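> Have a look at this one.
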There are 2 protein chains.
Amino acid sequence: MHNEKRSNCPVFKVLDLIGDKWSLLILRDIILRDKRFFNEFIESDERIATNILSNRLAALESNGLINKVRDTKDRKRFIYSPTKKGLDLLPVIIAMVLWISKYDPEDSNVPELIKKDPAAFEKKVRAKFSF
Amino acid sequence: MHNEKRSNCPVFKVLDLIGDKWSLLILRDIILRDKRFFNEFIESDERIATNILSNRLAALESNGLINKVRDTKDRKRFIYSPTKKGLDLLPVIIAMVLWISKYDPEDSNVPELIKKDPAAFEKKVRAKFSF
C-alpha cells in the first residue's frame with residue numbers, strides 16, 4: 001500500500017493510519033454522526049465509492065480503530081463502531097474543526113459547543129460510548 | 001483534483017486542504033523541523049517524490065498555508081515558511097502526536113515536552129515565528 005521509505009516520525013505514523021481523507025471521514029460518521037452501517041456511510045455528502053469504502057473500513061478495522069460485528073437483527077449486514085483507540089482520535093477531529101471555524105467563521109456547520117467549549121463537546125461525544 | 005461531491009462538513013473542508021499525508025508532512029517539516037528549502041523536504045525520511053513535492057507545495061501556497069519567497073542570497077531557490085493560517089494547524093499536529101504517544105508509549109521520537117505539557121510545547125514552537 002505504501003511505497004515510501006518507512007519513517008519513525010510520530011506524525012507519519014498517524015498519517016499512515018488515517019492519512020487519507022476517507023478514513024477520517026468514516027471515523028467522523030461513526031463518532032459524530034452515529035452512523036453504523038455500510039449503506040449509511042455511502043449516503044454521506046462526500047459520496048465515497050463503494051470499493052474505497054470497503055477498503056477503508058477493512059483498514060480501519062485491521063488498524064484497531066473500528067469494530068465490525070454482524071447485526072443480530074439482520075444477519076446480512078454488519079455494525080461498525082469505534083474502538084477506544086478510534087474514539088481517542090476525537091481531539092484531532094476537534095482541533096481540525098476549531099481551525100476551520102477560525103478561518104471560516106461564517107461556517108454554520110460547526111456546532112456552537114465546539115467553539116464555545118471544546119472540552120465539554122468532547123465529553124458529550126465520549127458519553128455516547130461506554131469506554 | 002476532486003471528483004467527490006462537495007460537502008459543507010467542516011472536517012471535510014480541512015481534509016480538502018491537508019487531507020493527503022504529504023501536505024501535513026511538509027507542514028511538519030516547515031513548522032517543527034525548520035526546513036525551508038525544496039531540497040530539505042526531499043531529504044526527509046519519507047522520501048517524497050519531487051513531482052508530488054512540487055504539487056503539494058503549490059497547493060499549500062495557493063491555499064494560504066505557506067509562503068514562498070525567492071532567496072535573496074541564492075536567486076535560484078525559494079524559501080518556504082508557514083503563514084499564520086498554516087502555523088495554526090499546530091494543535092492538529094500536536095493532537096496527532098499525543099494520540100500516537102498514548103498508543104505507542106515506547107516511541108522515543110515523541111518530544112517529552114509534548115507529553116508533559118502540550119500547551120508549553122505549542123507556545124515554544126509558536127515563539128519561533130513572528131505572528
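In the C-alpha cells, chains take the letters A, B, ... in the order shown, each chain's residues start at 1, and ligands count up from 1 in the order shown.
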So that I can check the secondary structure, give me every residue of chain A assigned strand (DSSP E) by backbone DSSP, as number ranges by chain.

A: 66-70, 78-82

> Which residues are close to Lys13 (chain B), i.e. within 10 Å by only C-alpha atoms, leaving aside same-chain residues fewer than 6 positions away? Reply as number ranges by chain.

A: 96-97, 100, 104; B: 6-7, 19

> Please measure the separation of CA of Asn109 (chain A) and CA of Cys9 (chain B), giving the value in Å to one decimal.

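Separating CA of Asn109 (chain A) from CA of Cys9 (chain B) is a distance of 6.3 Å.
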
> Counting only C-alpha atoms, which of B:Lys124, B:Arg47, B:Lys73, B:Arg33 gets nearest to chain A?

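For chain A, the nearest of the given residues is B:Arg47.
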
> Can you provide chain B as an mmCIF file with C-alpha atoms, in the first residue's frame, superposed onto chain A by least squares across all C-alpha atoms matched in order?


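Written file, selection.cif:
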data_model
loop_
_atom_site.group_PDB
_atom_site.id
_atom_site.type_symbol
_atom_site.label_atom_id
_atom_site.label_comp_id
_atom_site.auth_asym_id
_atom_site.auth_seq_id
_atom_site.Cartn_x
_atom_site.Cartn_y
_atom_site.Cartn_z
ATOM 1 C CA MET B 1 0.054 0.057 -0.066
ATOM 2 C CA HIS B 2 2.950 2.404 0.626
ATOM 3 C CA ASN B 3 6.025 2.827 -1.473
ATOM 4 C CA GLU B 4 7.735 5.499 0.570
ATOM 5 C CA LYS B 5 10.550 4.671 2.930
ATOM 6 C CA ARG B 6 9.388 3.907 6.466
ATOM 7 C CA SER B 7 9.649 6.708 8.943
ATOM 8 C CA ASN B 8 9.751 6.792 12.735
ATOM 9 C CA CYS B 9 8.178 10.220 12.921
ATOM 10 C CA PRO B 10 5.051 10.143 15.130
ATOM 11 C CA VAL B 11 3.189 12.431 12.722
ATOM 12 C CA PHE B 12 3.924 9.985 9.912
ATOM 13 C CA LYS B 13 2.678 7.058 12.000
ATOM 14 C CA VAL B 14 -0.684 8.772 12.463
ATOM 15 C CA LEU B 15 -0.931 9.659 8.783
ATOM 16 C CA ASP B 16 -0.070 6.090 7.921
ATOM 17 C CA LEU B 17 -3.246 5.062 9.776
ATOM 18 C CA ILE B 18 -5.641 7.881 8.892
ATOM 19 C CA GLY B 19 -3.727 9.849 6.272
ATOM 20 C CA ASP B 20 -6.276 9.723 3.547
ATOM 21 C CA LYS B 21 -9.351 11.834 3.800
ATOM 22 C CA TRP B 22 -11.770 8.919 3.545
ATOM 23 C CA SER B 23 -10.576 7.183 6.695
ATOM 24 C CA LEU B 24 -11.115 10.277 8.788
ATOM 25 C CA LEU B 25 -14.496 10.982 7.182
ATOM 26 C CA ILE B 26 -15.623 7.444 8.052
ATOM 27 C CA LEU B 27 -14.471 7.983 11.637
ATOM 28 C CA ARG B 28 -16.370 11.293 11.649
ATOM 29 C CA ASP B 29 -19.532 9.459 10.542
ATOM 30 C CA ILE B 30 -19.067 6.757 13.178
ATOM 31 C CA ILE B 31 -18.069 9.028 16.074
ATOM 32 C CA LEU B 32 -20.011 12.247 15.468
ATOM 33 C CA ARG B 33 -22.934 11.196 13.281
ATOM 34 C CA ASP B 34 -23.725 7.851 14.871
ATOM 35 C CA LYS B 35 -23.613 6.030 11.550
ATOM 36 C CA ARG B 36 -23.223 2.297 11.937
ATOM 37 C CA PHE B 37 -23.901 0.614 8.592
ATOM 38 C CA PHE B 38 -22.193 0.415 5.203
ATOM 39 C CA ASN B 39 -25.202 1.976 3.484
ATOM 40 C CA GLU B 40 -25.186 4.906 5.890
ATOM 41 C CA PHE B 41 -21.579 5.758 5.027
ATOM 42 C CA ILE B 42 -22.443 5.606 1.335
ATOM 43 C CA GLU B 43 -25.131 8.232 1.875
ATOM 44 C CA SER B 44 -22.760 10.898 3.236
ATOM 45 C CA ASP B 45 -22.450 14.058 1.158
ATOM 46 C CA GLU B 46 -18.930 13.226 0.045
ATOM 47 C CA ARG B 47 -20.232 10.203 -1.909
ATOM 48 C CA ILE B 48 -17.484 7.720 -1.204
ATOM 49 C CA ALA B 49 -17.239 4.951 -3.812
ATOM 50 C CA THR B 50 -18.238 1.508 -2.531
ATOM 51 C CA ASN B 51 -14.856 -0.072 -3.305
ATOM 52 C CA ILE B 52 -12.991 2.698 -1.470
ATOM 53 C CA LEU B 53 -15.405 2.423 1.451
ATOM 54 C CA SER B 54 -14.875 -1.356 1.697
ATOM 55 C CA ASN B 55 -11.131 -0.886 1.526
ATOM 56 C CA ARG B 56 -11.024 1.845 4.190
ATOM 57 C CA LEU B 57 -13.391 0.033 6.560
ATOM 58 C CA ALA B 58 -11.150 -3.047 6.377
ATOM 59 C CA ALA B 59 -8.045 -0.934 7.012
ATOM 60 C CA LEU B 60 -9.643 0.903 9.935
ATOM 61 C CA GLU B 61 -10.649 -2.437 11.423
ATOM 62 C CA SER B 62 -7.241 -4.055 10.953
ATOM 63 C CA ASN B 63 -5.585 -0.987 12.491
ATOM 64 C CA GLY B 64 -7.808 -1.337 15.544
ATOM 65 C CA LEU B 65 -9.744 1.905 15.063
ATOM 66 C CA ILE B 66 -13.202 0.403 14.494
ATOM 67 C CA ASN B 67 -15.037 -2.788 15.385
ATOM 68 C CA LYS B 68 -17.153 -4.800 12.960
ATOM 69 C CA VAL B 69 -19.808 -7.205 14.264
ATOM 70 C CA ARG B 70 -22.646 -8.997 12.508
ATOM 71 C CA ASP B 71 -26.040 -7.398 13.119
ATOM 72 C CA THR B 72 -28.055 -9.954 15.086
ATOM 73 C CA LYS B 73 -31.307 -8.389 13.826
ATOM 74 C CA ASP B 74 -30.280 -8.596 10.185
ATOM 75 C CA ARG B 75 -27.631 -11.274 9.631
ATOM 76 C CA LYS B 76 -26.835 -9.941 6.161
ATOM 77 C CA ARG B 77 -25.258 -6.770 7.499
ATOM 78 C CA PHE B 78 -22.536 -5.608 9.862
ATOM 79 C CA ILE B 79 -22.499 -2.958 12.572
ATOM 80 C CA TYR B 80 -19.434 -0.722 12.694
ATOM 81 C CA SER B 81 -18.465 1.156 15.848
ATOM 82 C CA PRO B 82 -15.376 2.965 17.109
ATOM 83 C CA THR B 83 -12.848 1.282 19.368
ATOM 84 C CA LYS B 84 -11.393 3.244 22.279
ATOM 85 C CA LYS B 85 -8.344 3.877 20.095
ATOM 86 C CA GLY B 86 -10.539 5.230 17.300
ATOM 87 C CA LEU B 87 -12.618 7.368 19.645
ATOM 88 C CA ASP B 88 -9.392 8.807 21.038
ATOM 89 C CA LEU B 89 -8.864 10.498 17.669
ATOM 90 C CA LEU B 90 -11.682 12.851 18.661
ATOM 91 C CA PRO B 91 -9.221 15.576 19.812
ATOM 92 C CA VAL B 92 -7.653 15.505 16.322
ATOM 93 C CA ILE B 93 -11.075 15.979 14.721
ATOM 94 C CA ILE B 94 -11.975 18.745 17.191
ATOM 95 C CA ALA B 95 -8.666 20.552 16.525
ATOM 96 C CA MET B 96 -9.458 20.425 12.785
ATOM 97 C CA VAL B 97 -12.947 21.826 13.289
ATOM 98 C CA LEU B 98 -11.664 24.636 15.543
ATOM 99 C CA TRP B 99 -9.130 25.560 12.882
ATOM 100 C CA ILE B 100 -11.776 25.758 10.173
ATOM 101 C CA SER B 101 -14.097 27.753 12.416
ATOM 102 C CA LYS B 102 -11.272 30.272 12.931
ATOM 103 C CA TYR B 103 -10.610 30.715 9.220
ATOM 104 C CA ASP B 104 -14.171 30.286 8.020
ATOM 105 C CA PRO B 105 -16.103 31.934 10.867
ATOM 106 C CA GLU B 106 -19.348 32.072 8.865
ATOM 107 C CA ASP B 107 -19.438 28.282 8.652
ATOM 108 C CA SER B 108 -22.825 27.383 10.099
ATOM 109 C CA ASN B 109 -21.940 23.693 10.134
ATOM 110 C CA VAL B 110 -19.622 23.987 13.104
ATOM 111 C CA PRO B 111 -21.514 23.046 16.293
ATOM 112 C CA GLU B 112 -21.657 26.046 18.652
ATOM 113 C CA LEU B 113 -20.495 23.926 21.587
ATOM 114 C CA ILE B 114 -17.185 23.094 19.864
ATOM 115 C CA LYS B 115 -16.381 26.785 19.559
ATOM 116 C CA LYS B 116 -17.612 27.769 23.004
ATOM 117 C CA ASP B 117 -16.270 24.836 24.992
ATOM 118 C CA PRO B 118 -14.319 22.166 23.090
ATOM 119 C CA ALA B 119 -13.694 20.137 26.253
ATOM 120 C CA ALA B 120 -17.433 19.982 26.998
ATOM 121 C CA PHE B 121 -18.092 18.951 23.391
ATOM 122 C CA GLU B 122 -15.522 16.176 23.654
ATOM 123 C CA LYS B 123 -17.021 14.976 26.935
ATOM 124 C CA LYS B 124 -20.524 14.961 25.439
ATOM 125 C CA VAL B 125 -19.410 12.881 22.449
ATOM 126 C CA ARG B 126 -17.446 10.451 24.602
ATOM 127 C CA ALA B 127 -20.513 9.985 26.829
ATOM 128 C CA LYS B 128 -22.238 8.255 23.889
ATOM 129 C CA PHE B 129 -19.763 5.410 24.191
ATOM 130 C CA SER B 130 -19.108 3.058 27.069
ATOM 131 C CA PHE B 131 -15.315 3.232 27.184
#

> As a ChimeraX atom specification, please: all residues of chain B that backbone DSSP puts in alpha helix (DSSP H).

/B:10-18,21-31,38-42,50-62,84-87,90-103,112-116,118-126
